[in-house]
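Below: start.csv (CSV, C-alpha atoms and all ligand atoms)
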```csv
chain,number,residue,atom,x,y,z
A,199,MET,CA,-4.6,-15.7,-7.9
A,200,ASP,CA,-3.0,-15.1,-11.3
A,201,LEU,CA,0.7,-15.3,-10.6
A,202,GLN,CA,1.6,-14.1,-14.1
A,203,VAL,CA,-0.4,-10.9,-13.5
A,204,LEU,CA,0.9,-10.5,-10.0
A,205,ASN,CA,4.6,-11.2,-10.6
A,206,THR,CA,6.3,-7.9,-9.9
A,207,THR,CA,9.7,-6.3,-10.4
A,208,SER,CA,11.9,-5.0,-7.6
A,209,PRO,CA,13.6,-1.6,-7.9
A,210,VAL,CA,16.8,-3.4,-9.0
A,211,GLY,CA,14.8,-5.2,-11.7
A,212,ILE,CA,14.7,-8.7,-10.1
A,213,GLU,CA,11.3,-10.4,-10.3
A,214,GLU,CA,9.9,-11.2,-6.9
A,215,ASP,CA,7.4,-14.0,-6.4
A,216,PRO,CA,4.2,-12.6,-4.8
A,217,LEU,CA,3.9,-15.7,-2.6
A,218,ASP,CA,7.4,-15.2,-1.2
A,219,LEU,CA,6.6,-11.6,-0.6
A,220,MET,CA,3.4,-12.5,1.3
A,221,ASP,CA,5.4,-15.0,3.5
A,222,GLU,CA,7.9,-12.3,4.2
A,223,ILE,CA,5.2,-9.8,5.0
A,224,ASP,CA,3.6,-12.3,7.4
A,225,GLN,CA,6.8,-12.8,9.3
A,226,LEU,CA,7.6,-9.0,9.4
A,227,LYS,CA,4.2,-8.3,10.7
A,228,LYS,CA,4.9,-10.6,13.7
A,229,ASP,CA,8.4,-9.1,14.2
A,230,ARG,CA,7.1,-5.5,14.2
A,231,ASP,CA,3.7,-6.2,15.9
A,232,ALA,CA,1.9,-4.8,12.9
A,233,SER,CA,-1.5,-5.0,11.3
A,234,ILE,CA,-2.3,-4.1,7.7
A,235,LEU,CA,-5.3,-2.0,6.7
A,236,ALA,CA,-6.2,-1.8,3.0
A,237,HIS,CA,-8.7,0.4,1.2
A,238,PHE,CA,-11.1,-1.2,-1.3
A,239,TYR,CA,-9.3,0.8,-4.1
A,240,VAL,CA,-5.9,-0.9,-3.7
A,241,ASP,CA,-4.9,-4.0,-5.6
A,242,GLY,CA,-6.8,-7.2,-4.7
A,243,ASP,CA,-3.6,-8.9,-3.6
A,244,LEU,CA,-3.1,-6.3,-0.9
A,245,GLN,CA,-6.7,-6.5,0.2
A,246,ASP,CA,-6.2,-10.3,0.5
A,247,ILE,CA,-3.3,-10.0,2.9
A,248,ALA,CA,-4.9,-7.2,5.0
A,249,ASP,CA,-6.2,-7.7,8.5
A,250,PHE,CA,-8.9,-5.0,7.8
A,251,THR,CA,-10.4,-3.8,4.6
A,252,GLY,CA,-13.0,-1.2,4.0
A,253,ASP,CA,-13.9,2.3,2.9
A,254,SER,CA,-12.5,5.5,4.6
A,255,LEU,CA,-15.1,5.5,7.3
A,256,LYS,CA,-14.7,1.8,8.3
A,257,LEU,CA,-10.9,2.0,8.2
A,258,ALA,CA,-10.8,5.2,10.2
A,259,ARG,CA,-12.9,3.4,12.9
A,260,ASP,CA,-10.9,0.2,12.6
A,261,THR,CA,-7.7,2.1,13.5
A,262,THR,CA,-9.1,2.6,16.9
A,263,GLN,CA,-9.7,-1.2,17.3
A,264,VAL,CA,-6.4,-2.5,16.1
A,265,LYS,CA,-4.5,-4.2,18.9
A,266,THR,CA,-1.0,-4.0,17.5
A,267,SER,CA,1.4,-1.1,18.1
A,268,THR,CA,2.0,-0.5,14.3
A,269,ILE,CA,-0.4,-0.1,11.4
A,270,VAL,CA,0.6,-0.3,7.8
A,271,PHE,CA,-2.0,1.7,5.9
A,272,CYS,CA,-2.4,0.7,2.2
A,273,GLY,CA,-4.3,3.7,0.9
A,274,VAL,CA,-3.5,7.3,0.3
A,275,HIS,CA,-1.8,10.0,2.4
A,276,PHE,CA,-4.9,11.6,3.9
A,277,MET,CA,-6.0,8.2,5.2
A,278,GLY,CA,-2.7,7.7,6.9
A,279,GLU,CA,-3.0,11.1,8.5
A,280,SER,CA,-6.5,10.2,9.7
A,281,ALA,CA,-5.2,6.9,11.2
A,282,LYS,CA,-2.5,8.8,13.1
A,283,ILE,CA,-4.9,11.5,14.3
A,284,LEU,CA,-7.4,8.9,15.6
A,285,SER,CA,-4.7,6.6,17.1
A,286,PRO,CA,-1.8,8.9,18.0
A,287,GLU,CA,-0.1,6.3,20.2
A,288,LYS,CA,0.3,3.9,17.2
A,289,THR,CA,3.1,4.0,14.6
A,290,ILE,CA,1.5,4.5,11.2
A,291,LEU,CA,3.5,3.3,8.3
A,292,MET,CA,2.6,3.9,4.6
A,293,PRO,CA,4.0,1.8,1.7
A,294,ASP,CA,4.4,5.1,-0.3
A,295,LEU,CA,4.1,8.6,1.1
A,296,GLN,CA,3.7,9.9,-2.4
A,297,ALA,CA,0.3,8.3,-2.7
A,298,GLY,CA,-1.7,11.4,-2.7
A,299,CYS,CA,-5.3,12.3,-3.9
A,300,SER,CA,-6.4,14.7,-6.7
A,301,LEU,CA,-9.5,15.5,-4.7
A,302,ALA,CA,-7.5,16.4,-1.5
A,303,ASP,CA,-5.1,18.4,-3.7
A,304,SER,CA,-7.9,20.5,-5.1
A,305,CYS,CA,-8.5,22.1,-1.8
A,306,PRO,CA,-5.3,23.5,-0.2
A,307,ALA,CA,-5.6,24.7,3.4
A,308,ASP,CA,-4.4,28.3,2.7
A,309,ARG,CA,-7.0,28.8,-0.1
A,310,LEU,CA,-9.8,27.3,2.0
A,311,ALA,CA,-8.8,29.6,5.0
A,312,ALA,CA,-8.9,32.7,2.6
A,313,TYR,CA,-12.3,31.7,1.2
A,314,GLN,CA,-13.8,31.1,4.6
A,315,ALA,CA,-12.6,34.6,5.6
A,316,GLU,CA,-14.0,36.1,2.5
A,317,LEU,CA,-17.4,34.5,3.1
A,318,ARG,CA,-17.5,35.8,6.7
A,319,VAL,CA,-16.7,39.3,5.5
A,320,LYS,CA,-19.6,39.0,3.1
A,321,GLY,CA,-21.9,38.2,6.1
A,322,HIS,CA,-22.3,34.4,5.6
A,323,ASP,CA,-23.0,32.5,8.8
A,324,PHE,CA,-21.8,29.0,8.0
A,325,GLN,CA,-20.3,25.7,9.1
A,326,THR,CA,-17.7,24.0,6.9
A,327,VAL,CA,-18.3,20.3,6.1
A,328,ALA,CA,-15.4,18.5,4.6
A,329,TYR,CA,-15.4,15.2,2.8
A,330,ILE,CA,-12.8,12.9,4.5
A,331,ASN,CA,-10.7,13.1,1.3
A,332,THR,CA,-8.9,16.3,2.5
A,333,THR,CA,-5.5,16.9,4.2
A,334,ALA,CA,-5.3,17.1,7.9
A,335,ALA,CA,-4.5,20.8,7.6
A,336,VAL,CA,-7.9,21.3,5.8
A,337,LYS,CA,-9.7,19.2,8.4
A,338,SER,CA,-8.3,21.4,11.1
A,339,LEU,CA,-10.2,24.3,9.5
A,340,CYS,CA,-13.6,22.5,9.4
A,341,ASP,CA,-16.5,21.8,11.7
A,342,TRP,CA,-17.5,18.4,10.4
A,343,ILE,CA,-15.9,15.5,8.4
A,344,VAL,CA,-18.1,13.2,6.3
A,345,THR,CA,-17.5,10.1,4.3
A,346,SER,CA,-19.9,8.7,1.7
A,347,GLY,CA,-21.1,6.3,4.4
A,348,ASN,CA,-22.1,8.9,7.0
A,349,ALA,CA,-22.7,12.1,5.1
A,350,ARG,CA,-26.5,12.4,5.4
A,351,GLU,CA,-26.3,11.7,9.2
A,352,ILE,CA,-23.7,14.4,9.7
A,353,ILE,CA,-25.4,17.0,7.5
A,354,ASP,CA,-28.5,16.5,9.7
A,355,ARG,CA,-26.3,17.6,12.7
A,356,VAL,CA,-25.4,21.0,11.2
A,357,PRO,CA,-27.8,23.5,12.9
A,358,ALA,CA,-30.6,24.5,10.5
A,359,ASP,CA,-29.9,28.2,10.9
A,360,LYS,CA,-26.3,27.7,9.5
A,361,GLU,CA,-25.3,27.8,5.9
A,362,ILE,CA,-23.1,24.9,4.7
A,363,LEU,CA,-19.8,25.3,2.9
A,364,PHE,CA,-19.0,21.8,1.5
A,365,VAL,CA,-15.5,21.0,0.4
A,366,PRO,CA,-13.8,19.7,-1.7
A,367,ASP,CA,-16.0,17.4,-3.9
A,368,GLN,CA,-18.6,19.4,-5.8
A,369,HIS,CA,-20.3,16.3,-7.2
A,370,LEU,CA,-20.8,14.7,-3.7
A,371,GLY,CA,-21.8,18.1,-2.4
A,372,ARG,CA,-24.4,18.5,-5.1
A,373,TYR,CA,-25.8,15.0,-4.5
A,374,LEU,CA,-25.9,15.5,-0.7
A,375,SER,CA,-27.6,18.8,-1.2
A,376,SER,CA,-30.3,17.2,-3.4
A,377,VAL,CA,-31.0,14.3,-0.9
A,378,THR,CA,-30.9,16.4,2.3
A,379,GLY,CA,-32.6,19.5,0.9
A,380,ARG,CA,-29.9,21.7,2.5
A,381,PRO,CA,-28.5,24.4,0.1
A,382,MET,CA,-24.7,24.3,0.0
A,383,ILE,CA,-21.8,26.5,-1.1
A,384,LEU,CA,-19.7,24.1,-3.1
A,385,TRP,CA,-16.0,24.1,-3.4
A,386,PRO,CA,-15.1,23.3,-7.1
A,387,GLY,CA,-13.1,20.1,-6.5
A,388,SER,CA,-13.4,16.6,-8.0
A,389,CYS,CA,-11.8,13.2,-8.1
A,390,MET,CA,-9.8,12.5,-11.3
A,391,VAL,CA,-11.1,8.9,-11.3
A,392,HIS,CA,-14.8,9.6,-10.8
A,393,GLU,CA,-14.8,12.6,-13.0
A,394,VAL,CA,-14.0,10.7,-16.2
A,395,PHE,CA,-16.5,8.0,-16.5
A,396,SER,CA,-17.7,7.8,-20.1
A,397,ILE,CA,-21.4,8.4,-20.4
A,398,GLN,CA,-21.5,6.9,-24.0
A,399,ASP,CA,-19.8,3.7,-22.8
A,400,LEU,CA,-22.2,3.4,-19.8
A,401,LEU,CA,-25.2,3.8,-22.2
A,402,ARG,CA,-23.7,1.2,-24.5
A,403,ALA,CA,-23.0,-1.2,-21.6
A,404,LYS,CA,-26.6,-0.8,-20.4
A,405,ARG,CA,-27.9,-1.5,-23.9
A,406,ASN,CA,-25.7,-4.6,-24.4
A,407,ASN,CA,-26.5,-6.0,-20.9
A,408,PRO,CA,-30.3,-5.9,-20.7
A,409,GLY,CA,-31.5,-6.0,-17.1
A,410,SER,CA,-28.2,-4.8,-15.7
A,411,LEU,CA,-28.0,-2.4,-12.8
A,412,VAL,CA,-25.8,0.7,-12.6
A,413,MET,CA,-24.0,1.3,-9.3
A,414,ALA,CA,-22.3,4.6,-9.0
A,415,HIS,CA,-20.3,6.4,-6.3
A,416,PRO,CA,-21.6,9.8,-5.4
A,417,GLU,CA,-18.3,11.3,-6.3
A,418,CYS,CA,-19.4,10.8,-10.0
A,419,PRO,CA,-20.8,13.8,-11.9
A,420,ALA,CA,-24.6,14.3,-12.1
A,421,ASN,CA,-24.9,12.9,-15.6
A,422,ILE,CA,-23.6,9.5,-14.4
A,423,LEU,CA,-25.7,9.6,-11.2
A,424,GLU,CA,-28.8,10.2,-13.2
A,425,LEU,CA,-28.3,6.8,-14.9
A,426,ALA,CA,-27.6,5.0,-11.6
A,427,ASP,CA,-29.9,2.5,-10.0
A,428,ILE,CA,-27.9,2.5,-6.8
A,429,ILE,CA,-25.9,5.5,-5.6
A,430,GLY,CA,-23.6,4.9,-2.7
A,431,GLY,CA,-20.2,4.6,-1.2
A,432,THR,CA,-18.3,1.3,-1.3
A,433,GLU,CA,-19.9,-0.1,1.9
A,434,LYS,CA,-23.3,0.6,0.5
A,435,MET,CA,-22.4,-1.2,-2.7
A,436,ARG,CA,-21.2,-4.2,-0.8
A,437,LYS,CA,-24.4,-4.4,1.3
A,438,TYR,CA,-26.5,-4.1,-1.8
A,439,VAL,CA,-24.9,-6.8,-3.9
A,440,GLU,CA,-25.0,-9.1,-0.8
A,441,SER,CA,-28.7,-8.5,-0.4
A,442,VAL,CA,-29.5,-9.6,-4.0
A,443,THR,CA,-29.5,-13.4,-4.2
A,444,GLU,CA,-30.6,-13.8,-7.9
A,445,PRO,CA,-27.6,-13.4,-10.2
A,446,LYS,CA,-27.4,-9.9,-11.8
A,447,THR,CA,-25.1,-7.9,-13.9
A,448,PHE,CA,-23.8,-4.7,-12.2
A,449,LEU,CA,-22.2,-1.9,-14.2
A,450,VAL,CA,-19.8,-0.4,-11.6
A,451,ALA,CA,-18.9,3.3,-11.7
A,452,THR,CA,-16.2,3.7,-9.2
A,453,GLU,CA,-12.5,2.7,-8.9
A,454,ALA,CA,-12.1,-0.6,-10.7
A,455,ASN,CA,-10.4,-2.4,-7.8
A,456,MET,CA,-13.7,-2.2,-6.0
A,457,ILE,CA,-14.9,-5.2,-8.0
A,458,HIS,CA,-12.5,-7.4,-6.1
A,459,PRO,CA,-14.4,-7.2,-2.7
A,460,LEU,CA,-17.7,-7.2,-4.5
A,461,LYS,CA,-16.8,-10.5,-6.2
A,462,LYS,CA,-15.6,-12.0,-3.0
A,463,LEU,CA,-18.7,-11.1,-1.1
A,464,ALA,CA,-21.3,-11.9,-3.8
A,465,PRO,CA,-19.8,-14.1,-6.5
A,466,GLN,CA,-23.2,-14.9,-8.0
A,467,HIS,CA,-23.2,-11.6,-9.9
A,468,GLU,CA,-21.3,-10.4,-12.9
A,469,TYR,CA,-19.5,-7.0,-12.4
A,470,ILE,CA,-18.5,-4.8,-15.4
A,471,PRO,CA,-16.3,-1.8,-14.7
A,472,VAL,CA,-17.6,1.4,-16.4
A,473,PRO,CA,-14.6,2.7,-18.5
A,474,GLY,CA,-13.2,6.1,-18.1
A,475,ILE,CA,-12.6,8.6,-21.0
A,476,MET,CA,-9.5,10.7,-21.6
A,477,THR,CA,-10.6,14.3,-21.5
A,478,SER,CA,-7.7,15.3,-23.8
A,479,THR,CA,-8.5,12.9,-26.7
A,480,GLY,CA,-12.0,11.6,-25.9
A,481,GLU,CA,-10.6,8.0,-26.1
A,482,THR,CA,-11.7,5.3,-23.6
A,483,CYS,CA,-8.9,4.6,-21.1
A,484,ALA,CA,-8.1,2.9,-17.9
A,485,CYS,CA,-8.6,6.1,-15.9
A,486,ASN,CA,-11.0,4.2,-13.7
A,487,ARG,CA,-7.9,3.1,-11.8
A,488,CYS,CA,-6.6,5.5,-9.2
A,489,PRO,CA,-2.9,6.1,-9.9
A,490,HIS,CA,-2.3,7.1,-6.3
A,491,MET,CA,-3.8,3.9,-4.8
A,492,ALA,CA,-1.8,2.0,-7.4
A,493,ARG,CA,1.4,3.2,-5.7
A,494,ASN,CA,0.7,0.6,-3.0
A,495,THR,CA,2.4,-2.7,-3.8
A,496,LEU,CA,3.4,-5.9,-2.0
A,497,GLN,CA,7.1,-4.9,-2.3
A,498,LYS,CA,6.5,-1.5,-0.7
A,499,VAL,CA,4.5,-3.1,2.1
A,500,ARG,CA,7.4,-5.5,2.7
A,501,ASP,CA,9.9,-2.7,2.6
A,502,CYS,CA,8.1,-0.3,5.0
A,503,LEU,CA,7.7,-3.2,7.5
A,504,LYS,CA,11.3,-4.0,7.1
A,505,HIS,CA,12.6,-0.5,7.6
A,506,GLY,CA,9.9,1.0,9.8
A,507,SER,CA,9.4,3.8,7.3
A,508,PRO,CA,8.0,5.9,5.8
A,509,GLU,CA,5.9,6.9,8.8
A,510,ILE,CA,3.2,9.5,9.3
A,511,VAL,CA,4.6,11.8,12.0
A,512,TRP,CA,2.4,14.0,14.3
A,513,GLN,CA,2.0,17.6,13.1
A,514,PRO,CA,0.9,20.6,15.2
A,515,TYR,CA,-2.4,21.0,13.2
A,516,PHE,CA,-3.4,17.4,13.9
A,517,THR,CA,-4.7,18.4,17.3
A,518,ALA,CA,-7.5,20.6,15.8
A,519,ALA,CA,-8.2,18.0,13.2
A,520,GLN,CA,-8.5,15.3,15.9
A,521,GLU,CA,-11.3,17.1,17.6
A,522,VAL,CA,-13.3,17.4,14.3
A,523,LEU,CA,-12.6,13.8,13.3
A,524,ARG,CA,-13.5,12.3,16.6
A,525,ARG,CA,-16.8,14.3,16.8
A,526,SER,CA,-17.7,13.3,13.3
A,527,LEU,CA,-16.6,9.7,13.0
A,528,LEU,CA,-16.6,8.2,16.5
A,529,GLN,CA,-19.5,9.9,18.3
A,601,LIG,S1,-10.0,7.5,-6.3
A,601,LIG,FE1,-10.1,9.8,-6.4
A,601,LIG,S2,-10.7,10.4,-4.4
A,601,LIG,FE2,-10.0,8.3,-4.2
A,601,LIG,S3,-7.8,8.5,-3.7
A,601,LIG,FE3,-7.9,8.3,-5.9
A,601,LIG,S4,-7.9,10.5,-6.6
A,601,LIG,FE4,-8.5,10.5,-4.4
```
Using structure tokens, write down the structure that the file contains.
Amino acid sequence: MDLQVLNTTSPVGIEEDPLDLMDEIDQLKKDRDASILAHFYVDGDLQDIADFTGDSLKLARDTTQVKTSTIVFCGVHFMGESAKILSPEKTILMPDLQAGCSLADSCPADRLAAYQAELRVKGHDFQTVAYINTTAAVKSLCDWIVTSGNAREIIDRVPADKEILFVPDQHLGRYLSSVTGRPMILWPGSCMVHEVFSIQDLLRAKRNNPGSLVMAHPECPANILELADIIGGTEKMRKYVESVTEPKTFLVATEANMIHPLKKLAPQHEYIPVPGIMTSTGETCACNRCPHMARNTLQKVRDCLKHGSPEIVWQPYFTAAQEVLRRSLLQ
């Protein structure tokens, strides 16, 4: 661990030693009977102190296995909601309730409800399949929830005589439509991180690293996926690099923190993050870091354990979302 990189500043401007913070978190976890769950897109130091790490699908399932009465969810808001919905008896704390998701924001529940009504009036007979990156209010309007890990299997469960409305990620929907052969009505949403990978930089990186393999998340646009050797969610990426024993170079087109678990699992390989590009200026940038995931810090984990807040509180629409989530992820 690089302490210089990890040294952080408290809200009052006092530097806090990450090792002290980790000790404090350990003690507070015992005091509060808590476990920490961390998504692969949060900082590596948070992944290292977590009891469970994973993608959305694995973490959603993990919430039901956790033995403690409290879960601290290092991720973004919709993930905390899913944890509460799947484990209503548990207290779900989040280091920062403002950690949102551009993809979830691109599909507000009222607009989806209006669009579904419009499609029905036009005579469409459809089921709505939502990527897990949606608010609980949106989930409550859907028939199925998919993650990048279980999408194909769930699409196969949609009756063949039904049309599919896929929300909110147009790129994932397009990819799933191509691999399953099911036509889909696509909601025009996208993720601000996966949307901005620079095709030029990817081509240059491929040329400069002969023999390298491109791994891309299906949230990436089609022009990036066309160059990919491996297309898959974070769990598929992990399984793939683990299965390759001979050292390779991987060009990774997903949130850059994903390289942390890949390196831990398969250190024989080199991993190069594909840079993002600023749509306003065309310059290469660090947009391959999710600003929402970056709101999770060691201090905020410590603080939420100390104060028992912020907490995800049960909302009336969670009941409908619960039925959809359980059917999709646990059965
Ligand atoms: S990486 Fe994209 S989809 Fe994931 S939380 Fe961030 S904005 Fe949302």
Check which residues fall inside 9 Å of ligand LIG 601 (chain A) when counting all atoms listed in the file, and print them as a PDB file with C-alpha atoms, keeping the file's coordinate frame.
```pdb
ATOM      1  CA  TYR A 239      -9.300   0.800  -4.100  1.00  0.00           C
ATOM      2  CA  GLY A 273      -4.300   3.700   0.900  1.00  0.00           C
ATOM      3  CA  VAL A 274      -3.500   7.300   0.300  1.00  0.00           C
ATOM      4  CA  HIS A 275      -1.800  10.000   2.400  1.00  0.00           C
ATOM      5  CA  PHE A 276      -4.900  11.600   3.900  1.00  0.00           C
ATOM      6  CA  ALA A 297       0.300   8.300  -2.700  1.00  0.00           C
ATOM      7  CA  GLY A 298      -1.700  11.400  -2.700  1.00  0.00           C
ATOM      8  CA  CYS A 299      -5.300  12.300  -3.900  1.00  0.00           C
ATOM      9  CA  SER A 300      -6.400  14.700  -6.700  1.00  0.00           C
ATOM     10  CA  LEU A 301      -9.500  15.500  -4.700  1.00  0.00           C
ATOM     11  CA  ALA A 302      -7.500  16.400  -1.500  1.00  0.00           C
ATOM     12  CA  ASP A 303      -5.100  18.400  -3.700  1.00  0.00           C
ATOM     13  CA  ASN A 331     -10.700  13.100   1.300  1.00  0.00           C
ATOM     14  CA  ASP A 367     -16.000  17.400  -3.900  1.00  0.00           C
ATOM     15  CA  SER A 388     -13.400  16.600  -8.000  1.00  0.00           C
ATOM     16  CA  CYS A 389     -11.800  13.200  -8.100  1.00  0.00           C
ATOM     17  CA  MET A 390      -9.800  12.500 -11.300  1.00  0.00           C
ATOM     18  CA  VAL A 391     -11.100   8.900 -11.300  1.00  0.00           C
ATOM     19  CA  HIS A 392     -14.800   9.600 -10.800  1.00  0.00           C
ATOM     20  CA  GLU A 393     -14.800  12.600 -13.000  1.00  0.00           C
ATOM     21  CA  GLU A 417     -18.300  11.300  -6.300  1.00  0.00           C
ATOM     22  CA  THR A 452     -16.200   3.700  -9.200  1.00  0.00           C
ATOM     23  CA  GLU A 453     -12.500   2.700  -8.900  1.00  0.00           C
ATOM     24  CA  ASN A 486     -11.000   4.200 -13.700  1.00  0.00           C
ATOM     25  CA  ARG A 487      -7.900   3.100 -11.800  1.00  0.00           C
ATOM     26  CA  CYS A 488      -6.600   5.500  -9.200  1.00  0.00           C
ATOM     27  CA  PRO A 489      -2.900   6.100  -9.900  1.00  0.00           C
ATOM     28  CA  HIS A 490      -2.300   7.100  -6.300  1.00  0.00           C
ATOM     29  CA  MET A 491      -3.800   3.900  -4.800  1.00  0.00           C
ATOM     30  CA  ALA A 492      -1.800   2.000  -7.400  1.00  0.00           C
TER      31      ALA A 492
END
```
Using all atoms listed in the file, which protein or nucleic acid residues come within 12 Å of Met277 (chain A)? Drop anything in the same chain fewer than 3 positions from it, and give the result as an mmCIF file with C-alpha atoms, keeping the file's coordinate frame.
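The resulting file, out.cif, is reproduced below:
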```cif
data_model
loop_
_atom_site.group_PDB
_atom_site.id
_atom_site.type_symbol
_atom_site.label_atom_id
_atom_site.label_comp_id
_atom_site.auth_asym_id
_atom_site.auth_seq_id
_atom_site.Cartn_x
_atom_site.Cartn_y
_atom_site.Cartn_z
ATOM 1 C CA LEU A 235 -5.300 -2.000 6.700
ATOM 2 C CA ALA A 236 -6.200 -1.800 3.000
ATOM 3 C CA HIS A 237 -8.700 0.400 1.200
ATOM 4 C CA GLY A 252 -13.000 -1.200 4.000
ATOM 5 C CA ASP A 253 -13.900 2.300 2.900
ATOM 6 C CA SER A 254 -12.500 5.500 4.600
ATOM 7 C CA LEU A 255 -15.100 5.500 7.300
ATOM 8 C CA LYS A 256 -14.700 1.800 8.300
ATOM 9 C CA LEU A 257 -10.900 2.000 8.200
ATOM 10 C CA ALA A 258 -10.800 5.200 10.200
ATOM 11 C CA ARG A 259 -12.900 3.400 12.900
ATOM 12 C CA ASP A 260 -10.900 0.200 12.600
ATOM 13 C CA THR A 261 -7.700 2.100 13.500
ATOM 14 C CA ILE A 269 -0.400 -0.100 11.400
ATOM 15 C CA VAL A 270 0.600 -0.300 7.800
ATOM 16 C CA PHE A 271 -2.000 1.700 5.900
ATOM 17 C CA CYS A 272 -2.400 0.700 2.200
ATOM 18 C CA GLY A 273 -4.300 3.700 0.900
ATOM 19 C CA VAL A 274 -3.500 7.300 0.300
ATOM 20 C CA SER A 280 -6.500 10.200 9.700
ATOM 21 C CA ALA A 281 -5.200 6.900 11.200
ATOM 22 C CA LYS A 282 -2.500 8.800 13.100
ATOM 23 C CA ILE A 283 -4.900 11.500 14.300
ATOM 24 C CA LEU A 284 -7.400 8.900 15.600
ATOM 25 C CA ILE A 290 1.500 4.500 11.200
ATOM 26 C CA LEU A 291 3.500 3.300 8.300
ATOM 27 C CA MET A 292 2.600 3.900 4.600
ATOM 28 C CA LEU A 295 4.100 8.600 1.100
ATOM 29 C CA ALA A 297 0.300 8.300 -2.700
ATOM 30 C CA GLY A 298 -1.700 11.400 -2.700
ATOM 31 C CA CYS A 299 -5.300 12.300 -3.900
ATOM 32 C CA ALA A 302 -7.500 16.400 -1.500
ATOM 33 C CA TYR A 329 -15.400 15.200 2.800
ATOM 34 C CA ILE A 330 -12.800 12.900 4.500
ATOM 35 C CA ASN A 331 -10.700 13.100 1.300
ATOM 36 C CA THR A 332 -8.900 16.300 2.500
ATOM 37 C CA THR A 333 -5.500 16.900 4.200
ATOM 38 C CA ALA A 334 -5.300 17.100 7.900
ATOM 39 C CA THR A 345 -17.500 10.100 4.300
ATOM 40 C CA MET A 491 -3.800 3.900 -4.800
ATOM 41 C CA ILE A 510 3.200 9.500 9.300
ATOM 42 C CA LEU A 523 -12.600 13.800 13.300
#
```
Can you tell me, as a short mmCIF file (atom, residue, chain, number, x, y, z; two decimals) with C-alpha atoms, in the coordinates of the input, what residues are no more than 9 Å from Lys504 (chain A) when counting all atoms listed in the file, ignoring any on the same chain fewer than 5 positions away?
```cif
data_model
loop_
_atom_site.label_atom_id
_atom_site.label_comp_id
_atom_site.auth_asym_id
_atom_site.auth_seq_id
_atom_site.Cartn_x
_atom_site.Cartn_y
_atom_site.Cartn_z
CA ILE A 223 5.20 -9.80 5.00
CA LEU A 226 7.60 -9.00 9.40
CA ARG A 230 7.10 -5.50 14.20
CA VAL A 499 4.50 -3.10 2.10
#
```
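Minimum atom-to-atom distances from A:Ala315, A:Val394, A:Leu244, A:Leu339 to Tyr515 (chain A) were compared using all atoms listed in the file, and the lowest value belongs to A:Leu339.
In this model, the gap between CA of Pro386 (chain A) and CA of Val319 (chain A) comes to 20.4 Å.
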Practice prompt. Please write as a ChimeraX atom specification the list of polymer residues whose atoms come within 10 Å of (9.2, -2.8, 1.9), counting only C-alpha atoms and keeping to the coordinates of the file.
Written response: /A:219,222-223,226,292-294,495-508
Fill in: Atomic distance CA of Tyr469 (chain A) - CA of Ser410 (chain A), expressed in Å with one decimal
9.6 Å
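Interatomic distance, CA of Thr268 (chain A) to CA of Ile234 (chain A): 8.7 Å.
With distances taken over all atoms listed in the file, A:Thr447 is the one residue among A:Thr447, A:Ile422, A:Leu363, A:Gly379 lying closest to Pro408 (chain A).
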Item to complete: Using all atoms listed in the file, collect all residues at a distance of at most 10 Å from (-21.4, 14.3, -6.0) as written in the file, then present them as number ranges by chain.
Response: A: 346, 367-376, 388-389, 392-393, 415-420, 422-423, 429
Kindly export the residues of the current selection with C-alpha atoms, as a PDB file, keeping the file's coordinate frame.
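Wrote it out as out-v5.pdb, contents follow:
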```
ATOM      1  CA  SER A 346     -19.900   8.700   1.700  1.00  0.00           C
ATOM      2  CA  ASP A 367     -16.000  17.400  -3.900  1.00  0.00           C
ATOM      3  CA  GLN A 368     -18.600  19.400  -5.800  1.00  0.00           C
ATOM      4  CA  HIS A 369     -20.300  16.300  -7.200  1.00  0.00           C
ATOM      5  CA  LEU A 370     -20.800  14.700  -3.700  1.00  0.00           C
ATOM      6  CA  GLY A 371     -21.800  18.100  -2.400  1.00  0.00           C
ATOM      7  CA  ARG A 372     -24.400  18.500  -5.100  1.00  0.00           C
ATOM      8  CA  TYR A 373     -25.800  15.000  -4.500  1.00  0.00           C
ATOM      9  CA  LEU A 374     -25.900  15.500  -0.700  1.00  0.00           C
ATOM     10  CA  SER A 375     -27.600  18.800  -1.200  1.00  0.00           C
ATOM     11  CA  SER A 376     -30.300  17.200  -3.400  1.00  0.00           C
ATOM     12  CA  SER A 388     -13.400  16.600  -8.000  1.00  0.00           C
ATOM     13  CA  CYS A 389     -11.800  13.200  -8.100  1.00  0.00           C
ATOM     14  CA  HIS A 392     -14.800   9.600 -10.800  1.00  0.00           C
ATOM     15  CA  GLU A 393     -14.800  12.600 -13.000  1.00  0.00           C
ATOM     16  CA  HIS A 415     -20.300   6.400  -6.300  1.00  0.00           C
ATOM     17  CA  PRO A 416     -21.600   9.800  -5.400  1.00  0.00           C
ATOM     18  CA  GLU A 417     -18.300  11.300  -6.300  1.00  0.00           C
ATOM     19  CA  CYS A 418     -19.400  10.800 -10.000  1.00  0.00           C
ATOM     20  CA  PRO A 419     -20.800  13.800 -11.900  1.00  0.00           C
ATOM     21  CA  ALA A 420     -24.600  14.300 -12.100  1.00  0.00           C
ATOM     22  CA  ILE A 422     -23.600   9.500 -14.400  1.00  0.00           C
ATOM     23  CA  LEU A 423     -25.700   9.600 -11.200  1.00  0.00           C
ATOM     24  CA  ILE A 429     -25.900   5.500  -5.600  1.00  0.00           C
TER      25      ILE A 429
END
```
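Of the listed residues (A:Val356, A:Val365, A:Ala414, A:Leu401), A:Val365 comes nearest to Lys337 (chain A); the distances count only C-alpha atoms.
Considering the residues A:Arg350, A:Arg405, A:Pro471, A:Pro366 and counting all atoms listed in the file, Gly430 (chain A) has its shortest atom-to-atom contact with A:Arg350.
Proximity ranking of A:Ala519, A:Ala307, A:Leu449, A:Val264 relative to Glu287 (chain A) places A:Val264 first, based on all atoms listed in the file.
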